[in-house]
Amino acid sequence: MREPDSLDVTEDITRFYQPEMARVVAKQRLTEMMIMLRLQLHSGELLEHEPGQFLQISLPGYGEAPISLCSSPTQVETFELCVAAVGNLSEAMHDLRPGDFIGIRGPYGQGFPLQSMRGRDVLCVAGGIGLAPLRSLINYVADRRSEFGRMILVYGARIPREQLFKDDLAQWDAREDFETLYTVDEADEDWTGRTGVVTIPLRDEVSVSAGETTAAVVGPPVMYRYVAAELLEKGMDEYDILFSLERRFKCGMGKCGHCQLNDLYVCQDGPVFRYTQLIGRSEAIEVWAPEDERE
């Protein structure tokens with residue numbers, strides 16, 4: 001039996017009830033609907049998060065919402081959030097400027113199990129805005145490159161103009177120690193890369209050493225069962241497949257029950273889970289059977 005890692009332990013979050021202020025240091029538009037905010041704690045303290053964790057963000061008059069961190073903890077002085085304009089709070093955040101302040105609680109949740117991933121190959125599979133929380137892990141691996149084996153990134157966006165972090169994509173693609181495969185569901189007249197859903201390059205172009213690889217998967221829920229199918233077909237163990245479930249968060253502390261999956265609270269027991277923790281929980285992810293039709 002394998003030793004437990006950080007995914008099996010719920011953090012003590014009692015010191016995160018009171019929001020603290022964070023100042024907007026920089027703002028960058030990523031797409032028509034997405035911005036990235038670089039923030040710094042007003043107290044001068046360091047956030048000290050783990051890749052895969054999230055914050056509860058608040059603005060007076062607009063409420064509070066959970067947002068995943070998209071920066072690596074190796075970026076110590078500041079931290080970054082990718083914000084989609086999908087509601088009153090997030091739209092108000094799009095109007096923020098450098099020098100403005102927001103409230104934060106956290107970081108919350110169980111991130112990616114870095115300790116058990118060290119020395120192994122890392123395969124990141126991102127769909128759409130799922131690249132945002134994975135960016136934290138990818139840049140952590142980049143900054144501590146000698147601690148990991150191969151770094152493979154498979155990223156799919158719906159259309160070219162919805163690709164996130166285009167500067168990062170170019171930098172990762174240029175690295176000799178990264179293996180990158182980018183695709184879009186629908187090409188435009190300027191797109192010259194791969195076309196098709198993310199499972200196509202994953203199936204046709206990625207080879208893995210199954211017993212030496214950890215896969216981290218973040219994207220729309222509909223893609224999870226198909227990605228799981230491809231990874232299992234490649235011989236990967238269910239224990240070595242990680243999914244991030246950003247599911248109906250609200251309070252961030254396991255009190256409101258909005259994110260509950262039977263005996264699990266996604267905000268505390270996750271959002272990162274091993275596939276073995278989710279099998280049999282149909283609300284989380286469907287289990288693939290060999291006779292199922294795949295993309």
# chains A, B, ... in the order shown; residues from 1 in each chain; ligands from 1
>>> residues_around(residues="Phe112 of chain A", least_positions_apart="6", cutoff="7 Å", atoms="only C-alpha atoms", output="list of chain:residue names")
A:Pro51, A:Gly52, A:Val272
>>> residues_around(residues="Arg97 of chain A", least_positions_apart="6", cutoff="10 Å", atoms="only C-alpha atoms", output="PyMOL selection string")
chain A and resi 23-27+37
>>> write_last_selection(atoms="C-alpha atoms", output="PDB file, in the first residue's frame")
ATOM      1  CA  ARG A  23      -3.105  45.174  -3.723  1.00  0.00           C
ATOM      2  CA  VAL A  24      -3.314  44.893  -7.497  1.00  0.00           C
ATOM      3  CA  VAL A  25       0.251  45.239  -8.793  1.00  0.00           C
ATOM      4  CA  ALA A  26      -0.440  44.612 -12.499  1.00  0.00           C
ATOM      5  CA  LYS A  27      -3.270  43.697 -14.828  1.00  0.00           C
ATOM      6  CA  LEU A  37      -4.208  40.096 -11.971  1.00  0.00           C
TER       7      LEU A  37
END
>>> select_by_dssp(residues="segment 102-160 of chain A", states="strand (DSSP E or B)", output="PyMOL selection string")
chain A and resi 102-108+110+121-127+151-157
>>> write_last_selection(atoms="N, CA, C and O atoms", output="short mmCIF file (atom, residue, chain, number, x, y, z; two decimals), in the first residue's frame")
data_model
loop_
_atom_site.label_atom_id
_atom_site.label_comp_id
_atom_site.auth_asym_id
_atom_site.auth_seq_id
_atom_site.Cartn_x
_atom_site.Cartn_y
_atom_site.Cartn_z
N ILE A 102 -8.32 44.25 -3.08
CA ILE A 102 -9.37 43.26 -2.94
C ILE A 102 -9.13 42.50 -1.64
O ILE A 102 -8.04 42.56 -1.06
N GLY A 103 -10.16 41.80 -1.16
CA GLY A 103 -10.02 40.94 0.00
C GLY A 103 -9.76 39.51 -0.42
O GLY A 103 -10.30 39.05 -1.42
N ILE A 104 -8.92 38.82 0.33
CA ILE A 104 -8.67 37.40 0.04
C ILE A 104 -8.75 36.59 1.33
O ILE A 104 -8.43 37.09 2.42
N ARG A 105 -9.20 35.37 1.20
CA ARG A 105 -9.07 34.35 2.24
C ARG A 105 -8.38 33.15 1.62
O ARG A 105 -8.59 32.82 0.47
N GLY A 106 -7.56 32.49 2.41
CA GLY A 106 -6.89 31.31 1.90
C GLY A 106 -5.38 31.47 1.91
O GLY A 106 -4.85 32.38 2.54
N PRO A 107 -4.65 30.61 1.22
CA PRO A 107 -5.13 29.64 0.23
C PRO A 107 -5.81 28.43 0.86
O PRO A 107 -5.49 28.04 1.98
N TYR A 108 -6.75 27.87 0.11
CA TYR A 108 -7.54 26.74 0.55
C TYR A 108 -7.29 25.50 -0.31
O TYR A 108 -6.85 25.60 -1.46
N GLN A 110 -6.56 21.17 -1.19
CA GLN A 110 -5.43 20.29 -1.43
C GLN A 110 -4.96 20.49 -2.86
O GLN A 110 -5.73 20.31 -3.80
N ASP A 121 7.94 11.61 -14.31
CA ASP A 121 7.50 12.40 -15.46
C ASP A 121 6.17 13.06 -15.12
O ASP A 121 5.34 12.49 -14.38
N VAL A 122 5.94 14.26 -15.65
CA VAL A 122 4.70 15.00 -15.41
C VAL A 122 4.02 15.24 -16.75
O VAL A 122 4.61 15.83 -17.66
N LEU A 123 2.77 14.78 -16.87
CA LEU A 123 1.96 14.99 -18.06
C LEU A 123 0.78 15.88 -17.67
O LEU A 123 -0.05 15.49 -16.86
N CYS A 124 0.74 17.09 -18.21
CA CYS A 124 -0.35 18.02 -17.94
C CYS A 124 -1.29 18.06 -19.14
O CYS A 124 -0.83 18.27 -20.28
N VAL A 125 -2.58 17.86 -18.90
CA VAL A 125 -3.58 17.91 -19.95
C VAL A 125 -4.58 18.99 -19.57
O VAL A 125 -5.27 18.88 -18.55
N ALA A 126 -4.65 20.05 -20.38
CA ALA A 126 -5.49 21.20 -20.06
C ALA A 126 -6.49 21.44 -21.17
O ALA A 126 -6.15 21.36 -22.36
N GLY A 127 -7.71 21.78 -20.78
CA GLY A 127 -8.75 22.15 -21.73
C GLY A 127 -9.29 23.51 -21.39
O GLY A 127 -9.70 23.75 -20.25
N MET A 151 8.58 16.67 -18.92
CA MET A 151 7.46 17.58 -18.74
C MET A 151 6.71 17.65 -20.07
O MET A 151 7.26 18.12 -21.08
N ILE A 152 5.47 17.14 -20.06
CA ILE A 152 4.66 17.06 -21.29
C ILE A 152 3.40 17.87 -21.06
O ILE A 152 2.70 17.68 -20.07
N LEU A 153 3.10 18.77 -21.99
CA LEU A 153 1.89 19.59 -21.90
C LEU A 153 1.05 19.40 -23.15
O LEU A 153 1.52 19.63 -24.27
N VAL A 154 -0.21 18.99 -22.95
CA VAL A 154 -1.18 18.89 -24.03
C VAL A 154 -2.29 19.89 -23.70
O VAL A 154 -2.95 19.77 -22.66
N TYR A 155 -2.49 20.88 -24.56
CA TYR A 155 -3.44 21.95 -24.28
C TYR A 155 -4.36 22.17 -25.47
O TYR A 155 -3.90 22.32 -26.61
N GLY A 156 -5.66 22.19 -25.19
CA GLY A 156 -6.64 22.43 -26.23
C GLY A 156 -7.53 23.61 -25.87
O GLY A 156 -8.03 23.71 -24.75
N ALA A 157 -7.74 24.50 -26.83
CA ALA A 157 -8.67 25.61 -26.69
C ALA A 157 -9.79 25.46 -27.73
O ALA A 157 -9.62 24.74 -28.73
#
>>> select_by_dssp(residues="segment 24-201 of chain A", states="alpha helix (DSSP H)", output="VMD selection string")
chain A and resid 88 to 94 114 to 117 131 to 143 166 to 174 199 to 201
>>> closest_residue(among="A:Gly128, A:Gly280, A:Pro201, A:Pro66", to="Gly252 of chain A", atoms="only C-alpha atoms")
A:Pro66
>>> atom_distance(atom1="atom CA of Asp143 of chain A", atom2="atom CA of Ser71 of chain A")
11.6 Å
>>> residues_around(residues="Glu186 of chain A", least_positions_apart="5", cutoff="12 Å", atoms="only C-alpha atoms", output="list in words")
Gly156, Ala157, Arg158, Ile159, Pro160, Arg161, Glu162, Gln163, Trp191, Thr192, Gly193, Arg194, Thr195, Gly196, Val197 and Val198 of chain A
>>> atom_distance(atom1="atom CA of Asn88 of chain A", atom2="atom CA of Gly130 of chain A")
21.4 Å
>>> atom_distance(atom1="atom CA of Ile200 of chain A", atom2="atom CA of Cys70 of chain A")
25.7 Å
>>> closest_residue(among="A:Gln28, A:Ser68, A:Gln18, A:Asn262", to="Leu131 of chain A", atoms="only C-alpha atoms")
A:Ser68
>>> closest_residue(among="A:Ala142, A:Leu55, A:Val83, A:Ile241", to="Met34 of chain A", atoms="only C-alpha atoms")
A:Val83
>>> closest_residue(among="A:Leu164, A:Ser146, A:Ala284, A:Gly254", to="Pro220 of chain A", atoms="only C-alpha atoms")
A:Ala284
>>> closest_residue(among="A:Leu278, A:Leu59, A:Val222, A:Leu264", to="Leu242 of chain A", atoms="only C-alpha atoms")
A:Leu278
>>> closest_residue(among="A:Ile57, A:Glu212, A:Val86, A:Leu81", to="Glu32 of chain A", atoms="only C-alpha atoms")
A:Val86
